[in-house]
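Some notes on the structure that comes next.
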Amino acid sequence: MPKKTSSKVNPRAYSSVIVDGKDRAASRAMLRPVGFTDADFKKPVIGVASTWSMVTPCNMHINTLADEACKGVDTAGGKGVIFNTITISDGISMGTENMKYSLVSREVIADSIETVMACQGYDGIVAVGGCDKNMPGCLMAIARLNRPAVFVYGGTILPGEHNGKQLDVVSVFEAIGAEANNKIPLKELKSIESKAIPGPGSCGGMYTANTMASAIEAMGMSLSNSSAQAAVSGQKLKDCEAAGNAVMKLVKKGITPKMIMTKKAFENAMTVAIALGGSTNLVLHLLAMAHCIGVKLSLDDFTRIGKRVPMLADLKPSGRYSMADLIEIGGIQPLMKVLLDAGLLHGDCLTVTGKTLRQNLAKVKPYPNTQDIIRALDNPIKADSHLVILKGNLAPEGGVAKISGHEGLRFEGRARVYNSSDAALKAIMDRKIKKGDVVVIRNEGPKGGPGMQEMLSHTGAIMGQGLGDDVALITDGRFSGGTHGFVVGHITPEAAVGGPIGLVKNGDRITIDAKTRALTFAISKAEFARRKAQWKAPKPKYKRGVLAKYAALVSSASTGAITD
């Protein structure tokens with residue numbers, strides 16, 4: 001526990017427990033070989049949590065960014081200490097059994113950062129994340145610790161190019177489907193594969209990484225404009241050094257995440273992400289982050305905020321532009337200023353700059369008149385949120401639909417039921433899915449999967465086969481931020497705990513209605529009761545190890561799929 005002094009801020013509240021006094025000589029002796037001097041023992045110690053690895057291009061540059069953050073801490077009078085946590089790659093493991101570890105990694109990241117920070121007695125933290133699960137994992141740990149903190153996003157990748165068109169990883173998934181449907185030759189698929197990922201950085205559309213980075217900035221937990229920077233830019237290096245400097249100011253002022261991550265701040269995060277057309281994973285991650293900081297957030301809050309916030313950004317996957325294009329016109333700050341001026345953001349929320357959101361945005365200039373990436377408020381792509389929370393006899397606790405308006409607002413079709421992700425993908429690739437089908441993928445929820453796999457391979461193949469307007473897909477699993485089309489995920493209760501999605505049969509009529517926010521299947525109460533009586537809980541798929549532990553602990557997706 002930190003030493004209590006008085007009401008006055010103690011910037012060394014945690015590190016002093018580790019290094020102060022004659023009885024801590026052994027601790028100091030251990031720290032000298034890793035770079036501590038006598039002077040350092042009198043400074044606030046800041047942990048710099050790095051998610052660097054060569055596992056994925058999203059994180060391959062983060063060691064350099066962590067060095068810059070550490071330099072920022074040191075020049076501001078602190079002692080920075082870099083430590084690592086894990087990362088995995090959704091894009092690499094997608095469409096395989098291995099992808100079950102993806103959401104699990106969010107918990108491992110949060111747990112490992114909390115463990116190092118708390119054990120070593122660091123007074124503050126700069127966390128540098130680069131891929132989808134890094135960001136919420138870092139913020140969950142930051143929330144639990146409640147020590148002065150700044151989050152740094154590793155930055156977006158620059159787009160690849162093929163035949164004059166921008167490429168990213170989603171282009172490859174859709175090309176796989178196109179080749180399977182004889183729409184492009186194998187040689188072109190190989191060419192797209194070779195050009196899609198040109199270097200470091202997170203997937204380049206408004207997918208999960210860029211969505212979460214934007215939401216975290218809007219929440220006030222990263223520096224202004226931190227989310228809209230390319231991974232390989234000089235601006236990102238400066239951002240990291242500035243974050244190290246900023247966390248020292250927070251330590252000296254005693255500003256902690258609980259002062260920033262309020263209910264209003266979460267509403268700001270939701271608002272900005274909706275306006276940008278962000279990923280469905282936003283819902284899952286914000287619920288988890290709110291739980292860790294003690295803010296009451298529910299699916300109903302997404303419906304409430306979504307009714308008044310329009311979708312304004314013409315960004316991939318449903319739109320035309322990449323995050324790199326948005327950076328070129330000024331990033332998300334001008335959008336936030338528009339939303340603030342319209343009364344859609346809470347301007348009085350404190351941020352890691354030590355100033356309010358309104359103060360941060362006071363001098364932000366508008367977008368150029370010539371741009372068409374961000375629409376005006378009176379000319380939205382969709383008048384309300386594209387993230388639609390659906391309920392009904394198929395999803396009593398809720399499901400999350402991503403409906404940008406391009407797909408229409410209603411879909412009705414016949415169920416094609418698959419009891420695993422693998423079985424569904426095989427059917428799609430074998431071209432067994434036809435116009436009017438609703439692909440139902442179940443037993444892939446947090447407990448049932450376990451791990452709640454993403455279905456980008458599935459939706460990518462459907463889009464690549466030209467069925468995006470004619471086929472829907474629903475699941476108790478989840479979707480990549482790169483998914484588009486008529487899709488509903490996070491269906492709860494999940495099949496593994498007896499949810500209605502586990503009772504659906506081939507041929508049942510399923511209706512997805514964004515206007516009434518309903519997800520239903522046409523079945524009488526008597527037939528529902530009969531199927532429910534016949535249902536048997538599946539046996540656990542894993543009996544030991546990480547996935548078994550996760551399945552035993554994890555909550556419903558409707559509460560964020562949390563484990564603590």
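Chain labels A, B, ... are given in the sequence in which chains occur in the structure tokens; within each chain residues are numbered consecutively from 1, and ligands are likewise numbered from 1 in the order shown.
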
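Residues surrounding A:Thr87 within 10 Å are Ser50, Thr51, Trp52, Ser53, Met54, Val55, Thr56, Cys58, Asn59, Ser102, Ser105, Arg106, Val108, Ile109, Gly129, Gly130, Cys131, Asp132, Lys133 and Asn134 of chain A [only C-alpha atoms; sequence separation below 5 positions excluded].
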
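Non-sequential neighbours of A:Gln465 (distance at most 10 Å, separation of 3 or more positions within a chain, only C-alpha atoms) are Glu174, Ala175, Ile176, Gly177, Ala178, Glu179, Ala180, Asn181, Asn182, Lys183, Ile428, Met429, Arg431, Ile433, Thr459, Gly460, Ala461, Ile462 and Gly468 of chain A.
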
Now that the selection is made, can you save its residues with C-alpha atoms as a PDB file, in the first residue's frame?
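So the final result, stored in selection15.pdb, reads:
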ATOM      1  CA  GLU A 174     -12.348 -10.412 -49.620  1.00  0.00           C
ATOM      2  CA  ALA A 175      -9.962 -11.467 -52.388  1.00  0.00           C
ATOM      3  CA  ILE A 176      -9.972 -14.992 -50.947  1.00  0.00           C
ATOM      4  CA  GLY A 177     -13.751 -15.086 -51.398  1.00  0.00           C
ATOM      5  CA  ALA A 178     -13.496 -13.582 -54.874  1.00  0.00           C
ATOM      6  CA  GLU A 179     -10.962 -16.207 -55.976  1.00  0.00           C
ATOM      7  CA  ALA A 180     -13.106 -18.997 -54.516  1.00  0.00           C
ATOM      8  CA  ASN A 181     -15.998 -17.706 -56.636  1.00  0.00           C
ATOM      9  CA  ASN A 182     -13.811 -17.505 -59.769  1.00  0.00           C
ATOM     10  CA  LYS A 183     -14.056 -13.701 -59.850  1.00  0.00           C
ATOM     11  CA  ILE A 428     -19.222 -20.588 -47.318  1.00  0.00           C
ATOM     12  CA  MET A 429     -16.022 -21.481 -49.164  1.00  0.00           C
ATOM     13  CA  ARG A 431     -20.413 -21.959 -52.037  1.00  0.00           C
ATOM     14  CA  ILE A 433     -24.692 -20.287 -48.997  1.00  0.00           C
ATOM     15  CA  THR A 459     -17.874 -12.140 -43.893  1.00  0.00           C
ATOM     16  CA  GLY A 460     -14.907 -11.471 -46.153  1.00  0.00           C
ATOM     17  CA  ALA A 461     -15.688 -14.600 -48.187  1.00  0.00           C
ATOM     18  CA  ILE A 462     -19.377 -13.664 -48.400  1.00  0.00           C
ATOM     19  CA  GLY A 468     -22.999  -8.995 -49.259  1.00  0.00           C
TER      20      GLY A 468
END

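Closest approach to A:Gly560 among A:Asp422, A:Glu241, A:Glu412, A:Glu107 is made by A:Glu107 (distances from only C-alpha atoms).
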
| field | Spatial neighbours of A:His458, max dist 10 Å, only C-alpha atoms, sep filter under 4 positions, as a ChimeraX atom specification | value | /A:94-95,173-174,177,421-422,424-429,439,454,462-464,473,479,483

Could you write out the selected residues, including N, CA and C atoms, as a PDB file, in the first residue's frame?
ATOM      1  N   MET A  94      -7.013 -15.524 -37.736  1.00  0.00           N
ATOM      2  CA  MET A  94      -8.409 -15.505 -38.171  1.00  0.00           C
ATOM      3  C   MET A  94      -8.769 -16.741 -38.990  1.00  0.00           C
ATOM      4  N   GLY A  95      -9.938 -17.318 -38.689  1.00  0.00           N
ATOM      5  CA  GLY A  95     -10.432 -18.460 -39.451  1.00  0.00           C
ATOM      6  C   GLY A  95      -9.856 -19.781 -39.011  1.00  0.00           C
ATOM      7  N   PHE A 173      -8.834 -10.736 -47.305  1.00  0.00           N
ATOM      8  CA  PHE A 173      -9.928 -11.647 -46.956  1.00  0.00           C
ATOM      9  C   PHE A 173     -11.013 -11.653 -48.036  1.00  0.00           C
ATOM     10  N   GLU A 174     -11.324 -10.490 -48.580  1.00  0.00           N
ATOM     11  CA  GLU A 174     -12.348 -10.412 -49.620  1.00  0.00           C
ATOM     12  C   GLU A 174     -11.836 -10.986 -50.936  1.00  0.00           C
ATOM     13  N   GLY A 177     -12.396 -14.738 -50.977  1.00  0.00           N
ATOM     14  CA  GLY A 177     -13.751 -15.086 -51.398  1.00  0.00           C
ATOM     15  C   GLY A 177     -13.955 -14.904 -52.885  1.00  0.00           C
ATOM     16  N   SER A 421     -17.521 -22.264 -35.959  1.00  0.00           N
ATOM     17  CA  SER A 421     -16.970 -21.341 -36.941  1.00  0.00           C
ATOM     18  C   SER A 421     -16.385 -22.090 -38.133  1.00  0.00           C
ATOM     19  N   ASP A 422     -15.677 -23.178 -37.846  1.00  0.00           N
ATOM     20  CA  ASP A 422     -15.024 -23.953 -38.909  1.00  0.00           C
ATOM     21  C   ASP A 422     -16.034 -24.526 -39.892  1.00  0.00           C
ATOM     22  N   ALA A 424     -19.020 -23.453 -40.553  1.00  0.00           N
ATOM     23  CA  ALA A 424     -19.636 -22.379 -41.339  1.00  0.00           C
ATOM     24  C   ALA A 424     -18.701 -21.890 -42.438  1.00  0.00           C
ATOM     25  N   LEU A 425     -17.422 -21.737 -42.118  1.00  0.00           N
ATOM     26  CA  LEU A 425     -16.472 -21.253 -43.113  1.00  0.00           C
ATOM     27  C   LEU A 425     -16.333 -22.240 -44.263  1.00  0.00           C
ATOM     28  N   LYS A 426     -16.326 -23.521 -43.944  1.00  0.00           N
ATOM     29  CA  LYS A 426     -16.238 -24.529 -45.006  1.00  0.00           C
ATOM     30  C   LYS A 426     -17.440 -24.442 -45.943  1.00  0.00           C
ATOM     31  N   ALA A 427     -18.623 -24.270 -45.368  1.00  0.00           N
ATOM     32  CA  ALA A 427     -19.837 -24.167 -46.187  1.00  0.00           C
ATOM     33  C   ALA A 427     -19.799 -22.926 -47.077  1.00  0.00           C
ATOM     34  N   ILE A 428     -19.310 -21.821 -46.526  1.00  0.00           N
ATOM     35  CA  ILE A 428     -19.222 -20.588 -47.318  1.00  0.00           C
ATOM     36  C   ILE A 428     -18.229 -20.765 -48.458  1.00  0.00           C
ATOM     37  N   MET A 429     -17.057 -21.305 -48.145  1.00  0.00           N
ATOM     38  CA  MET A 429     -16.022 -21.481 -49.164  1.00  0.00           C
ATOM     39  C   MET A 429     -16.439 -22.503 -50.216  1.00  0.00           C
ATOM     40  N   VAL A 439     -26.920 -16.978 -42.198  1.00  0.00           N
ATOM     41  CA  VAL A 439     -25.941 -17.912 -41.643  1.00  0.00           C
ATOM     42  C   VAL A 439     -25.923 -17.747 -40.126  1.00  0.00           C
ATOM     43  N   GLU A 454     -13.674 -14.051 -33.893  1.00  0.00           N
ATOM     44  CA  GLU A 454     -14.164 -13.112 -34.897  1.00  0.00           C
ATOM     45  C   GLU A 454     -14.450 -13.854 -36.198  1.00  0.00           C
ATOM     46  N   ILE A 462     -18.029 -13.992 -47.917  1.00  0.00           N
ATOM     47  CA  ILE A 462     -19.377 -13.664 -48.400  1.00  0.00           C
ATOM     48  C   ILE A 462     -19.339 -12.418 -49.282  1.00  0.00           C
ATOM     49  N   MET A 463     -18.612 -11.381 -48.836  1.00  0.00           N
ATOM     50  CA  MET A 463     -18.509 -10.163 -49.638  1.00  0.00           C
ATOM     51  C   MET A 463     -17.773 -10.453 -50.945  1.00  0.00           C
ATOM     52  N   GLY A 464     -16.711 -11.244 -50.858  1.00  0.00           N
ATOM     53  CA  GLY A 464     -15.934 -11.567 -52.046  1.00  0.00           C
ATOM     54  C   GLY A 464     -16.718 -12.359 -53.076  1.00  0.00           C
ATOM     55  N   LEU A 473     -25.534 -12.696 -41.524  1.00  0.00           N
ATOM     56  CA  LEU A 473     -24.806 -13.621 -40.663  1.00  0.00           C
ATOM     57  C   LEU A 473     -24.997 -13.197 -39.218  1.00  0.00           C
ATOM     58  N   PHE A 479     -17.300  -9.991 -34.386  1.00  0.00           N
ATOM     59  CA  PHE A 479     -16.805  -9.635 -35.708  1.00  0.00           C
ATOM     60  C   PHE A 479     -15.565  -8.772 -35.606  1.00  0.00           C
ATOM     61  N   THR A 483     -15.220  -6.129 -40.651  1.00  0.00           N
ATOM     62  CA  THR A 483     -16.441  -6.740 -41.183  1.00  0.00           C
ATOM     63  C   THR A 483     -17.440  -5.683 -41.649  1.00  0.00           C
TER      64      THR A 483
END

| request: Enumerate the residues of stretch 280-528 of chain A with a DSSP assignment of strand (DSSP E), computed from the backbone, and present them as a PyMOL selection string. | output: chain A and resi 387-392+395-402+410-418+437-441+472-475+486-492+509-513+518-521

| task | If you run DSSP over the backbone, which residues in stretch 230-450 of chain A end up alpha helix (DSSP H)? Put them as a PyMOL selection string. | result | chain A and resi 234-253+257-260+263-275+281-293+299-306+323-328+333-341+357-361+421-429

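The residue that comes closest to A:Thr511, out of A:Leu350, A:Ala472, A:Val116, A:Val364 and on the basis of only C-alpha atoms, is A:Ala472.
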
For A:Gly234: contacts at 12 Å, only C-alpha atoms, fewer than 3 positions along chain excluded, given as a tab-separated table (two decimals) with N, CA and C atoms, in the first residue's frame:
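This went into out08.tsv:
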chain	number	residue	atom	x	y	z
A	64	THR	N	10.51	1.06	-30.24
A	64	THR	CA	11.00	2.41	-30.50
A	64	THR	C	10.11	3.46	-29.83
A	65	LEU	N	8.80	3.24	-29.90
A	65	LEU	CA	7.86	4.18	-29.27
A	65	LEU	C	8.00	4.17	-27.75
A	68	GLU	N	10.87	6.25	-26.66
A	68	GLU	CA	10.58	7.68	-26.69
A	68	GLU	C	9.74	8.09	-25.47
A	155	GLY	N	-0.31	3.68	-33.67
A	155	GLY	CA	-0.53	4.33	-34.95
A	155	GLY	C	-1.00	3.40	-36.05
A	229	GLN	N	-2.47	9.37	-36.13
A	229	GLN	CA	-1.07	9.48	-36.53
A	229	GLN	C	-0.63	8.16	-37.13
A	230	ALA	N	0.14	8.23	-38.20
A	230	ALA	CA	0.67	7.01	-38.81
A	230	ALA	C	1.77	6.42	-37.94
A	231	ALA	N	1.85	5.10	-37.94
A	231	ALA	CA	2.82	4.40	-37.10
A	231	ALA	C	4.25	4.81	-37.41
A	237	LEU	N	6.41	9.65	-32.92
A	237	LEU	CA	7.54	9.66	-32.00
A	237	LEU	C	7.42	10.82	-31.01
A	238	LYS	N	7.02	11.99	-31.50
A	238	LYS	CA	6.84	13.15	-30.63
A	238	LYS	C	5.69	12.91	-29.65
A	239	ASP	N	4.65	12.24	-30.12
A	239	ASP	CA	3.50	11.93	-29.28
A	239	ASP	C	3.92	11.08	-28.09
A	240	CYS	N	4.81	10.12	-28.33
A	240	CYS	CA	5.26	9.23	-27.27
A	240	CYS	C	6.08	9.97	-26.23
A	241	GLU	N	7.00	10.81	-26.68
A	241	GLU	CA	7.80	11.60	-25.73
A	241	GLU	C	6.89	12.53	-24.93

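Using only C-alpha atoms, the nearest neighbour of A:Ala269 within the list A:Leu345, A:Met60, A:Leu299, A:Leu189 is A:Leu345.
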
| query | Residues at most 7 Å from stretch 147-153 of chain A, counting only C-alpha atoms, excluding those fewer than 4 positions away in the same chain, as a PyMOL selection string? | reply | chain A and resi 123-130+142+213+221-222+226-227+240+243+247+250-251+255-257+352

Could you pull the residues within 12 Å of A:Gly405, counting only C-alpha atoms, minus those fewer than 5 positions along the same chain, as a compact mmCIF listing (two decimals) with C-alpha atoms, in the first residue's frame?
# COMPACT_ATOMS: atom_id res chain seq x y z
CA GLY A 277 -18.55 4.35 -38.04
CA PRO A 310 -25.24 10.39 -36.56
CA MET A 311 -22.68 8.39 -38.51
CA LEU A 312 -20.61 10.93 -40.43
CA ASP A 314 -17.05 7.61 -45.04
CA SER A 318 -18.29 0.23 -45.17
CA GLY A 319 -16.96 3.44 -46.72
CA PRO A 380 -25.03 12.24 -42.41
CA ILE A 381 -24.38 8.85 -43.90
CA LYS A 382 -26.86 7.59 -41.32
CA ALA A 383 -28.97 9.78 -39.06
CA ASP A 384 -28.36 7.61 -36.01
CA SER A 385 -25.87 4.99 -34.87
CA HIS A 386 -24.69 2.17 -37.13
CA LEU A 387 -24.13 0.13 -33.94
CA VAL A 388 -27.62 -1.12 -33.22
CA ARG A 410 -34.24 -5.00 -42.46
CA ASP A 469 -26.46 -7.57 -50.00
CA HIS A 484 -19.24 -5.15 -43.17
CA GLY A 485 -22.53 -6.45 -44.48
CA PHE A 486 -25.73 -7.44 -42.65
CA ALA A 514 -32.79 -2.14 -37.26
CA LYS A 515 -35.80 0.18 -37.03
